[in-house]
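Have a look at model14.cif below; it lists mmCIF, C-alpha atoms.
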```cif
data_protein
loop_
_atom_site.group_PDB
_atom_site.id
_atom_site.type_symbol
_atom_site.label_atom_id
_atom_site.label_comp_id
_atom_site.auth_asym_id
_atom_site.auth_seq_id
_atom_site.Cartn_x
_atom_site.Cartn_y
_atom_site.Cartn_z
ATOM 1 C CA MET N 1338 0.000 0.000 0.000
ATOM 2 C CA THR N 1339 2.721 2.442 0.928
ATOM 3 C CA ASN N 1340 6.171 2.490 -0.525
ATOM 4 C CA LYS N 1341 8.228 2.357 2.656
ATOM 5 C CA LYS N 1342 11.923 1.698 2.584
ATOM 6 C CA PRO N 1343 12.919 -1.599 4.144
ATOM 7 C CA SER N 1344 14.287 -1.322 7.643
ATOM 8 C CA LYS N 1345 18.039 -1.588 8.141
ATOM 9 C CA ARG N 1346 17.329 -4.198 10.791
ATOM 10 C CA GLY N 1347 15.501 -6.437 8.341
ATOM 11 C CA PRO N 1348 11.808 -7.255 7.956
ATOM 12 C CA ARG N 1349 9.608 -6.565 10.904
ATOM 13 C CA LYS N 1350 8.405 -9.673 12.693
ATOM 14 C CA GLN N 1351 5.227 -9.800 14.725
ATOM 15 C CA ASN N 1352 5.099 -11.420 18.089
ATOM 16 C CA PRO N 1353 2.832 -14.479 17.671
ATOM 17 C CA LYS N 1354 1.430 -13.889 21.162
ATOM 18 C CA SER N 1355 0.129 -10.444 20.189
ATOM 19 C CA LYS N 1356 -2.246 -11.918 17.597
ATOM 20 C CA ALA N 1357 -3.518 -14.407 20.170
ATOM 21 C CA ASN N 1358 -4.573 -11.499 22.409
ATOM 22 C CA LEU N 1359 -6.794 -10.007 19.705
ATOM 23 C CA VAL N 1360 -10.463 -10.895 19.937
ATOM 24 C CA SER N 1361 -12.853 -9.856 17.171
ATOM 25 C CA LEU N 1362 -16.063 -8.052 18.081
ATOM 26 C CA ALA N 1363 -18.078 -10.923 16.625
ATOM 27 C CA LYS N 1364 -16.622 -13.268 19.235
ATOM 28 C CA ARG N 1365 -17.251 -10.925 22.172
ATOM 29 C CA PRO N 1366 -20.393 -11.110 24.307
ATOM 30 C CA PRO N 1367 -23.169 -8.578 23.467
ATOM 31 C CA LYS N 1368 -22.644 -6.578 26.697
ATOM 32 C CA GLU N 1369 -18.961 -6.105 25.934
ATOM 33 C CA ARG N 1370 -19.698 -5.104 22.315
ATOM 34 C CA LYS N 1371 -22.221 -2.548 23.528
ATOM 35 C CA LYS N 1372 -19.684 -1.121 26.001
ATOM 36 C CA ILE N 1373 -17.006 -0.764 23.285
ATOM 37 C CA ALA N 1374 -19.485 0.826 20.850
ATOM 38 C CA SER N 1375 -20.633 3.213 23.573
ATOM 39 C CA LYS N 1376 -17.049 4.397 24.170
ATOM 40 C CA GLY N 1377 -16.612 4.998 20.444
ATOM 41 C CA GLY N 1378 -19.899 6.895 20.292
ATOM 42 C CA ARG N 1379 -18.896 9.179 23.170
ATOM 43 C CA ILE N 1380 -15.534 9.974 21.573
ATOM 44 C CA SER N 1381 -17.199 10.627 18.213
ATOM 45 C CA ALA N 1382 -19.741 12.985 19.818
ATOM 46 C CA LYS N 1383 -16.963 14.884 21.623
ATOM 47 C CA LYS N 1384 -15.020 15.305 18.387
ATOM 48 C CA TYR N 1385 -18.175 16.540 16.619
ATOM 49 C CA LYS N 1386 -18.808 19.097 19.381
ATOM 50 C CA ASP N 1387 -15.207 20.314 19.202
ATOM 51 C CA GLU N 1388 -15.513 20.804 15.434
ATOM 52 C CA LEU N 1389 -18.748 22.738 15.950
ATOM 53 C CA LYS N 1390 -16.986 24.958 18.486
ATOM 54 C CA LEU N 1391 -14.288 25.804 15.943
ATOM 55 C CA GLN N 1392 -16.936 26.481 13.314
ATOM 56 C CA ARG N 1393 -18.786 28.849 15.675
ATOM 57 C CA ILE N 1394 -15.542 30.652 16.548
ATOM 58 C CA ALA N 1395 -14.727 31.094 12.850
ATOM 59 C CA GLN N 1396 -18.218 32.475 12.219
ATOM 60 C CA MET N 1397 -17.913 34.859 15.169
ATOM 61 C CA LEU N 1398 -14.547 36.121 13.899
ATOM 62 C CA LEU N 1399 -15.897 36.702 10.392
ATOM 63 C CA GLN N 1400 -18.916 38.578 11.782
ATOM 64 C CA SER N 1401 -16.975 40.676 14.288
ATOM 65 C CA LYS N 1402 -16.731 44.399 13.590
ATOM 66 C CA LEU N 1403 -13.597 45.855 12.058
ATOM 67 C CA PRO N 1404 -11.726 48.370 14.199
ATOM 68 C CA GLU N 1405 -11.509 51.944 12.976
ATOM 69 C CA GLY N 1406 -8.899 52.266 10.289
ATOM 70 C CA GLU N 1407 -8.146 52.464 6.597
ATOM 71 C CA LEU N 1408 -9.827 49.181 5.665
ATOM 72 C CA LYS N 1409 -13.072 50.072 7.451
ATOM 73 C CA ASN N 1410 -13.067 53.495 5.772
ATOM 74 C CA ARG N 1411 -12.539 51.854 2.353
ATOM 75 C CA LEU N 1412 -15.505 49.552 2.973
ATOM 76 C CA ILE N 1413 -17.687 52.489 3.973
ATOM 77 C CA ASP N 1414 -16.543 54.407 0.869
ATOM 78 C CA ALA N 1415 -17.517 51.367 -1.239
ATOM 79 C CA GLY N 1416 -21.078 51.589 0.082
ATOM 80 C CA ILE N 1417 -20.912 49.074 2.934
ATOM 81 C CA SER N 1418 -22.645 50.344 6.059
ATOM 82 C CA ALA N 1419 -20.540 50.757 9.203
ATOM 83 C CA GLU N 1420 -22.469 47.937 10.910
ATOM 84 C CA ASN N 1421 -21.699 45.562 8.002
ATOM 85 C CA ALA N 1422 -17.988 46.425 7.988
ATOM 86 C CA THR N 1423 -16.896 43.103 9.468
ATOM 87 C CA HIS N 1424 -13.684 41.111 9.296
ATOM 88 C CA GLY N 1425 -15.305 38.919 6.629
ATOM 89 C CA ALA N 1426 -16.091 41.972 4.501
ATOM 90 C CA GLY N 1427 -12.535 43.192 5.026
ATOM 91 C CA MET N 1428 -11.177 39.858 3.813
ATOM 92 C CA LEU N 1429 -13.307 40.098 0.682
ATOM 93 C CA MET N 1430 -11.995 43.632 0.106
ATOM 94 C CA LYS N 1431 -8.402 42.390 0.390
ATOM 95 C CA LEU N 1432 -9.157 39.524 -2.021
ATOM 96 C CA THR N 1433 -10.624 42.058 -4.442
ATOM 97 C CA ASP N 1434 -7.401 44.057 -4.186
ATOM 98 C CA LYS N 1435 -5.390 40.933 -5.077
ATOM 99 C CA VAL N 1436 -7.578 40.335 -8.135
ATOM 100 C CA LEU N 1437 -7.291 43.915 -9.346
ATOM 101 C CA GLU N 1438 -3.574 44.352 -8.634
ATOM 102 C CA ASN N 1439 -2.178 40.952 -9.614
ATOM 103 C CA GLY N 1440 -4.931 39.316 -11.629
ATOM 104 C CA ASP N 1441 -4.994 36.507 -9.038
ATOM 105 C CA VAL N 1442 -7.370 33.905 -10.487
ATOM 106 C CA ARG N 1443 -7.703 31.947 -7.223
ATOM 107 C CA ALA N 1444 -8.768 35.096 -5.375
ATOM 108 C CA PHE N 1445 -11.303 35.806 -8.130
ATOM 109 C CA GLU N 1446 -12.717 32.279 -7.814
ATOM 110 C CA ALA N 1447 -13.005 32.653 -4.033
ATOM 111 C CA ILE N 1448 -14.947 35.913 -4.400
ATOM 112 C CA ARG N 1449 -17.167 34.498 -7.148
ATOM 113 C CA ASP N 1450 -17.939 31.363 -5.135
ATOM 114 C CA THR N 1451 -18.671 33.379 -1.985
ATOM 115 C CA ALA N 1452 -21.087 35.520 -3.986
ATOM 116 C CA GLY N 1453 -22.943 32.336 -4.973
ATOM 117 C CA GLU N 1454 -22.066 32.521 -8.647
ATOM 118 C CA LYS N 1455 -20.048 29.311 -8.880
ATOM 119 C CA PRO N 1456 -20.701 27.736 -12.274
ATOM 120 C CA THR N 1457 -22.096 24.221 -12.356
ATOM 121 C CA VAL N 1458 -21.606 21.645 -15.043
ATOM 122 C CA ASP N 1459 -24.835 20.172 -16.376
ATOM 123 C CA ILE N 1460 -24.311 17.483 -18.965
ATOM 124 C CA THR N 1461 -27.419 16.473 -20.850
ATOM 125 C CA SER N 1462 -28.064 14.511 -23.990
ATOM 126 C CA GLY N 1463 -31.189 15.401 -25.900
ATOM 127 C CA GLY N 1464 -32.759 17.000 -22.844
ATOM 128 C CA GLU N 1465 -32.200 13.913 -20.654
ATOM 129 C CA PRO N 1466 -29.473 13.985 -17.984
ATOM 130 C CA ILE N 1467 -26.612 11.592 -18.601
ATOM 131 C CA THR N 1468 -26.352 9.107 -15.747
ATOM 132 C CA GLY N 1469 -23.581 6.937 -17.111
ATOM 133 C CA ILE N 1470 -21.295 6.543 -20.046
ATOM 134 C CA ASP N 1471 -21.522 3.637 -22.460
ATOM 135 C CA ILE N 1472 -18.288 2.785 -24.181
ATOM 136 C CA ALA N 1473 -18.483 0.824 -27.399
ATOM 137 C CA PHE N 1474 -15.377 -0.849 -28.722
ATOM 138 C CA VAL N 1475 -15.136 -0.809 -32.481
ATOM 139 C CA LYS N 1476 -12.788 -3.054 -34.382
ATOM 140 C CA PHE N 1477 -10.297 -0.875 -36.186
ATOM 141 C CA ASP N 1478 -8.649 -2.127 -39.335
ATOM 142 C CA ALA N 1479 -5.386 -0.216 -39.842
ATOM 143 C CA GLU N 1480 -4.986 -1.469 -43.391
ATOM 144 C CA LYS N 1481 -8.196 0.119 -44.591
ATOM 145 C CA LYS N 1482 -7.344 3.441 -42.969
ATOM 146 C CA ASP N 1483 -3.905 3.652 -44.588
ATOM 147 C CA GLY N 1484 -5.186 2.460 -47.930
ATOM 148 C CA ARG N 1485 -2.746 -0.431 -47.882
ATOM 149 C CA SER N 1486 -3.638 -4.035 -48.221
ATOM 150 C CA GLU N 1487 -1.779 -7.140 -47.232
ATOM 151 C CA SER N 1488 -0.598 -9.075 -50.287
#
```
In structure tokens, how does this file's structure come out?
Amino acid sequence: MTNKKPSKRGPRKQNPKSKANLVSLAKRPPKERKKIASKGGRISAKKYKDELKLQRIAQMLLQSKLPEGELKNRLIDAGISAENATHGAGMLMKLTDKVLENGDVRAFEAIRDTAGEKPTVDITSGGEPITGIDIAFVKFDAEKKDGRSES
């Protein structure tokens, strides 16, 4: 699976006793399986809550008001109200600067996508959406194409 270099000490050998200690879930009693699954569920829920916390913090930062300064004044001059002059709006202004100054395509795509104008690809055939591709193999005769014949 991975292309690891062989160890200088030779191939790694497993202790045969370590495999004997492993017990599959199928062979465990139902109470023990439930206990193990419960532990996994608690850890999964904690991880999910932590990710939600980070998401909320990111949203709070984007929605927080910009301090007085040049960037806030530029946003107000561009027609953004003082209450909407947030860090998120400031980031979009800076991305716009990158597009206008350097022609940064990635910055342009980020602005376009944030504005909800991301293009979608819709492949249809005769008005019906294509759900799969059929590939037909055709026998190709090289002699006929070149105009040569075997004699």
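One finds atom CA of Ala1452 of chain N at 16.6 Å from atom CA of Leu1412 of chain N.
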message: Under the PyMOL selection byres ((chain N and resi 1396-1408) around 10), which residues of this model are included? Write them out as a PyMOL selection string.
response: chain N and resi 1390-1395+1409-1414+1419-1428+1430-1431
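Atom CA of Lys1354 of chain N sits 29.3 Å away from atom CA of Ile1380 of chain N.
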query: In Å, how far is it from atom CA of Pro1366 of chain N to atom CA of Lys1383 of chain N?
result: 26.4 Å
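The environment of Ala1444 of chain N within 10 Å, counting all atoms listed in the file and disregarding residues fewer than 5 places along the same chain, consists of Leu1429, Lys1431, Leu1432, Thr1433, Asp1434, Lys1435, Val1436, Leu1437, Asn1439, Arg1449 and Asp1450 of chain N.
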Give me the box for segment 1352-1355 of chain N as JSON, namely the centre and edge lengths in Å to one decimal of a box along x, y and z that holds every listed atom plus 3 Å on each side.
```
{"center_x": 2.6, "center_y": -12.5, "center_z": 19.4, "size_x": 11.0, "size_y": 10.0, "size_z": 9.5}
```
